[in-house]
Amino acid sequence: MKIRKTDYKVLGTTKVVAQLVCISIPRLGYELCLATLEFASLLTTSDLLHFVHPDQIFSVSLSGSVFLHHSFNFCFSEKSSMMMSTYKNISFNRSTSFNRRALSIGSPRVSRLSWISRWFQVLVVFGSLISFVIAFCCGYFYVLPSLSQAFQGYGYGISKFNESFGSCNVFEGRWVPDSSYPLYNATECPFVERGFDCLGNGRRDKDYLKWRWKPNNCYIPGFDVQSILEKFRGKRIVFVGDSMSRTQWESLICLLMTGVEDKKSVYEVNGNKITKQIRFLGVRFNTFNFTIEFFRSVFLVQQGFMPKHAPKRVKSTLKLDKLDDISYRWVNSDVLIFNTGQWWVPGKLFDMGCYFQVGNLVKLGMSIPTAFRIAISTWASWVEENIKTNRTRVFFRTFEPSHWRYSFDVEKSTSNLSRRICHVTQNPVLDTEGREQSLFSETLSEVVNNMTIPITALHVTSMSAFRSDAHVGNWSDNPSVSDCSHWCLPGVPDVWNEIVLSYLLFDNELPFQ
């Protein structure tokens, strides 16, 4: 009688367990193969044991129940060959034995063997069920946790994680060396302002380029330029603020250009060169049909001329209760990133004859921190009234610390604020000397927390306070003037953008360590 191969009927749960056994305990799986092969010789011809090639480990048919596992090659060549050879011998012997027994149908011996065979089938089925339960438990307790940990630890794909930015403060961490940085070459990016290209302006050491921000409890996924380009397809990204905002705007453009084959398809919409004087700059990625725009608004609120009947020292005012007159151009964007702070100092205000105004009243005695709070509150009200959060994702970046040092007057035992010194270090500093704290950043956090719509605050103050090595210094387009406020590109602004892109790609969720 010729043995027929039964059709493979895969039980889903059994397949999973078989896979778990083969992956986690290869030795156990091999012994099960031999054990199955060993007792197969005791079965009747109605029970089929069929070994297949190494890509399909084993298939056991017991009274119609089929256990199949395939596509896991853990039986190595020598063992597999031995099992195949053994199976052939068993199959031949059993076929011969069956033909002989067929000639003596009806004999007492045949009936007795048939009765024993039926009871043995029951025992085999019962044993198989017990084996199934044991295998399932082993897989559940030993394999699944390992797989879960492996996938979470390495962060395959854009996965969803239980913890979010709210639980993991991505801005609490440290700078670690990373040889994969920088992510682009500023000299090859036409949108980097010449004054920020430190290497192009003669800086010789490159250590400042080799640092990555590492949060304490989560990690920032690697920069995936193609995913971002597709995410931005058909979108409008807008930066609003001072020169620090423009630096971040340039950084994002250069990061994304690394994934564009036709560099000429990326251009400034009005053909303008990147300069600090222009109030609007827009770069279009034509292949992906999106724009990245920058609006220069250093205070965010309106700057006005001297009001009538104002004191002579008043040359202009900041209208703290009115947002910038170009604010109508910020709406209908998909990503909106604000910043302000660098100009909220006496040298940019009172020394220039600029004072604060609320309504029709000039507030000569109002302090800068008080005026800043009123201005940020005005901004918050404008966002709540004009921005549709179902379309626009709003960010506000906190104050970026500078690393100026002030000369000390020995006679007066005080610091001379009129004389400041820029000393760029070779590596990040360990002591931030209080630069991780900012009254402007604290005010912003308080205002944002009281808003009625979701705003993402980018708390870059603390993380940037360590990077005294990454400022422009004397490596600008005007080396006679030191600069410990602005940042080299590539550099710290790239990390700000990596965090923003992580928010956008992962929808507020970062993988935990």
# chains A, B, ... in the order shown; residues from 1 in each chain; ligands from 1
$ select_by_dssp --residues "range 198-330 of chain A" --states "strand (DSSP E or B)" --output "PyMOL selection string"
chain A and resi 211-215+218+236-241+266-268+280-285+290-296+301-305+316-323
$ residues_around --residues "Val192 in chain A" --least-positions-apart "2" --cutoff "10 Å" --atoms "only C-alpha atoms" --output "VMD selection string"
chain A and resid 185 to 190 194 to 197 246 to 247 249 to 251 253 to 254 273 to 275 488 to 490
$ residues_around --residues "Ile499 in chain A" --least-positions-apart "4" --cutoff "12 Å" --atoms "only C-alpha atoms" --output "PyMOL selection string"
chain A and resi 165+169-171+212-215+218-223+248+252+395+397+456-460+463+492-495+503-510
$ residues_around --residues "range 429-437 of chain A" --least-positions-apart "5" --cutoff "7 Å" --atoms "only C-alpha atoms" --output "NGL selection string"
:A and (401 or 461-462 or 465-468)
$ write_last_selection --atoms "N, CA and C atoms" --output "PDB file, in the first residue's frame"
ATOM      1  N   PRO A 401      21.239  80.188  25.176  1.00  0.00           N
ATOM      2  CA  PRO A 401      22.262  80.879  25.966  1.00  0.00           C
ATOM      3  C   PRO A 401      23.485  81.259  25.130  1.00  0.00           C
ATOM      4  N   THR A 461      17.409  75.615  26.268  1.00  0.00           N
ATOM      5  CA  THR A 461      18.307  76.454  27.066  1.00  0.00           C
ATOM      6  C   THR A 461      19.344  75.621  27.800  1.00  0.00           C
ATOM      7  N   SER A 462      18.899  74.619  28.536  1.00  0.00           N
ATOM      8  CA  SER A 462      19.807  73.820  29.352  1.00  0.00           C
ATOM      9  C   SER A 462      20.778  73.016  28.502  1.00  0.00           C
ATOM     10  N   ALA A 465      23.486  75.109  26.926  1.00  0.00           N
ATOM     11  CA  ALA A 465      24.380  75.805  27.850  1.00  0.00           C
ATOM     12  C   ALA A 465      25.739  75.120  27.958  1.00  0.00           C
ATOM     13  N   PHE A 466      25.833  73.842  27.622  1.00  0.00           N
ATOM     14  CA  PHE A 466      27.102  73.116  27.687  1.00  0.00           C
ATOM     15  C   PHE A 466      28.007  73.389  26.476  1.00  0.00           C
ATOM     16  N   ARG A 467      27.448  73.948  25.400  1.00  0.00           N
ATOM     17  CA  ARG A 467      28.158  73.985  24.131  1.00  0.00           C
ATOM     18  C   ARG A 467      28.898  75.301  23.872  1.00  0.00           C
ATOM     19  N   SER A 468      29.798  75.635  24.767  1.00  0.00           N
ATOM     20  CA  SER A 468      30.635  76.823  24.545  1.00  0.00           C
ATOM     21  C   SER A 468      31.632  76.600  23.416  1.00  0.00           C
TER      22      SER A 468
END
$ residues_around --residues "Lys388 in chain A" --least-positions-apart "3" --cutoff "8 Å" --atoms "only C-alpha atoms" --output "VMD selection string"
chain A and resid 332 391 to 392
$ closest_residue --among "A:Phe285, A:Tyr208, A:Ile387, A:Asn272" --to "Leu229 in chain A" --atoms "only C-alpha atoms"
A:Phe285
$ residues_around --residues "Ser265 in chain A" --least-positions-apart "2" --cutoff "9 Å" --atoms "only C-alpha atoms" --output "ChimeraX atom specification"
/A:260-263,267,284-287
$ write_last_selection --atoms "N, CA, C and O atoms" --output "short mmCIF file (atom, residue, chain, number, x, y, z; two decimals), in the first residue's frame"
data_model
loop_
_atom_site.label_atom_id
_atom_site.label_comp_id
_atom_site.auth_asym_id
_atom_site.auth_seq_id
_atom_site.Cartn_x
_atom_site.Cartn_y
_atom_site.Cartn_z
N VAL A 260 18.08 65.03 -1.48
CA VAL A 260 17.57 65.48 -2.78
C VAL A 260 18.64 65.26 -3.83
O VAL A 260 19.76 65.77 -3.70
N GLU A 261 18.32 64.51 -4.87
CA GLU A 261 19.30 64.24 -5.92
C GLU A 261 19.56 65.47 -6.79
O GLU A 261 20.70 65.83 -7.05
N ASP A 262 18.50 66.14 -7.23
CA ASP A 262 18.63 67.32 -8.08
C ASP A 262 18.68 68.57 -7.19
O ASP A 262 17.65 69.08 -6.77
N LYS A 263 19.88 69.02 -6.86
CA LYS A 263 20.04 70.16 -5.96
C LYS A 263 19.42 71.43 -6.53
O LYS A 263 19.01 72.33 -5.78
N TYR A 267 15.34 75.90 -4.26
CA TYR A 267 15.70 77.28 -4.57
C TYR A 267 14.90 78.26 -3.71
O TYR A 267 13.83 77.94 -3.19
N ARG A 284 11.98 76.57 -1.61
CA ARG A 284 11.04 75.56 -2.11
C ARG A 284 11.79 74.30 -2.52
O ARG A 284 12.79 74.35 -3.23
N PHE A 285 11.28 73.15 -2.08
CA PHE A 285 11.74 71.84 -2.53
C PHE A 285 10.75 71.39 -3.60
O PHE A 285 9.70 70.81 -3.29
N ASN A 286 11.09 71.69 -4.82
CA ASN A 286 10.14 71.54 -5.91
C ASN A 286 9.72 70.08 -6.14
O ASN A 286 8.55 69.80 -6.41
N THR A 287 10.65 69.15 -6.01
CA THR A 287 10.34 67.74 -6.25
C THR A 287 9.29 67.23 -5.27
O THR A 287 8.44 66.42 -5.62
#
$ decode --residues "range 241-255 of chain A" --atoms "N, CA, C and O atoms" --output "CSV table (one decimal), in the first residue's frame"
chain,number,residue,atom,x,y,z
A,241,GLY,N,11.1,84.5,14.0
A,241,GLY,CA,11.9,84.9,15.1
A,241,GLY,C,13.1,85.8,14.7
A,241,GLY,O,13.1,86.5,13.7
A,242,ASP,N,14.2,85.6,15.5
A,242,ASP,CA,15.4,86.4,15.2
A,242,ASP,C,16.4,85.6,14.4
A,242,ASP,O,16.1,84.6,13.8
A,243,SER,N,17.7,86.1,14.5
A,243,SER,CA,18.7,85.4,13.7
A,243,SER,C,19.0,84.0,14.2
A,243,SER,O,19.4,83.1,13.4
A,244,MET,N,18.6,83.6,15.4
A,244,MET,CA,18.8,82.3,15.9
A,244,MET,C,17.7,81.4,15.2
A,244,MET,O,18.0,80.2,14.8
A,245,SER,N,16.6,81.9,14.9
A,245,SER,CA,15.6,81.2,14.2
A,245,SER,C,16.0,81.0,12.7
A,245,SER,O,15.8,80.0,12.1
A,246,ARG,N,16.7,82.1,12.2
A,246,ARG,CA,17.2,81.9,10.8
A,246,ARG,C,18.3,80.9,10.7
A,246,ARG,O,18.3,80.1,9.7
A,247,THR,N,19.1,80.7,11.7
A,247,THR,CA,20.1,79.7,11.8
A,247,THR,C,19.5,78.3,11.8
A,247,THR,O,19.9,77.4,11.0
A,248,GLN,N,18.4,78.1,12.6
A,248,GLN,CA,17.7,76.9,12.6
A,248,GLN,C,17.1,76.6,11.2
A,248,GLN,O,17.0,75.4,10.8
A,249,TRP,N,16.5,77.6,10.6
A,249,TRP,CA,15.9,77.5,9.3
A,249,TRP,C,16.9,77.0,8.3
A,249,TRP,O,16.7,76.1,7.5
A,250,GLU,N,18.1,77.6,8.3
A,250,GLU,CA,19.2,77.2,7.4
A,250,GLU,C,19.6,75.8,7.6
A,250,GLU,O,19.8,75.0,6.7
A,251,SER,N,19.7,75.4,8.9
A,251,SER,CA,20.1,74.1,9.3
A,251,SER,C,19.1,73.0,8.7
A,251,SER,O,19.5,72.0,8.2
A,252,LEU,N,17.8,73.3,8.9
A,252,LEU,CA,16.8,72.3,8.4
A,252,LEU,C,16.9,72.1,6.9
A,252,LEU,O,16.8,71.0,6.4
A,253,ILE,N,17.1,73.2,6.2
A,253,ILE,CA,17.2,73.2,4.7
A,253,ILE,C,18.4,72.3,4.3
A,253,ILE,O,18.3,71.4,3.4
A,254,CYS,N,19.5,72.5,4.9
A,254,CYS,CA,20.7,71.7,4.6
A,254,CYS,C,20.6,70.3,5.0
A,254,CYS,O,21.0,69.4,4.2
A,255,LEU,N,19.9,70.0,6.1
A,255,LEU,CA,19.7,68.6,6.5
A,255,LEU,C,18.8,67.9,5.4
A,255,LEU,O,19.2,66.8,5.0
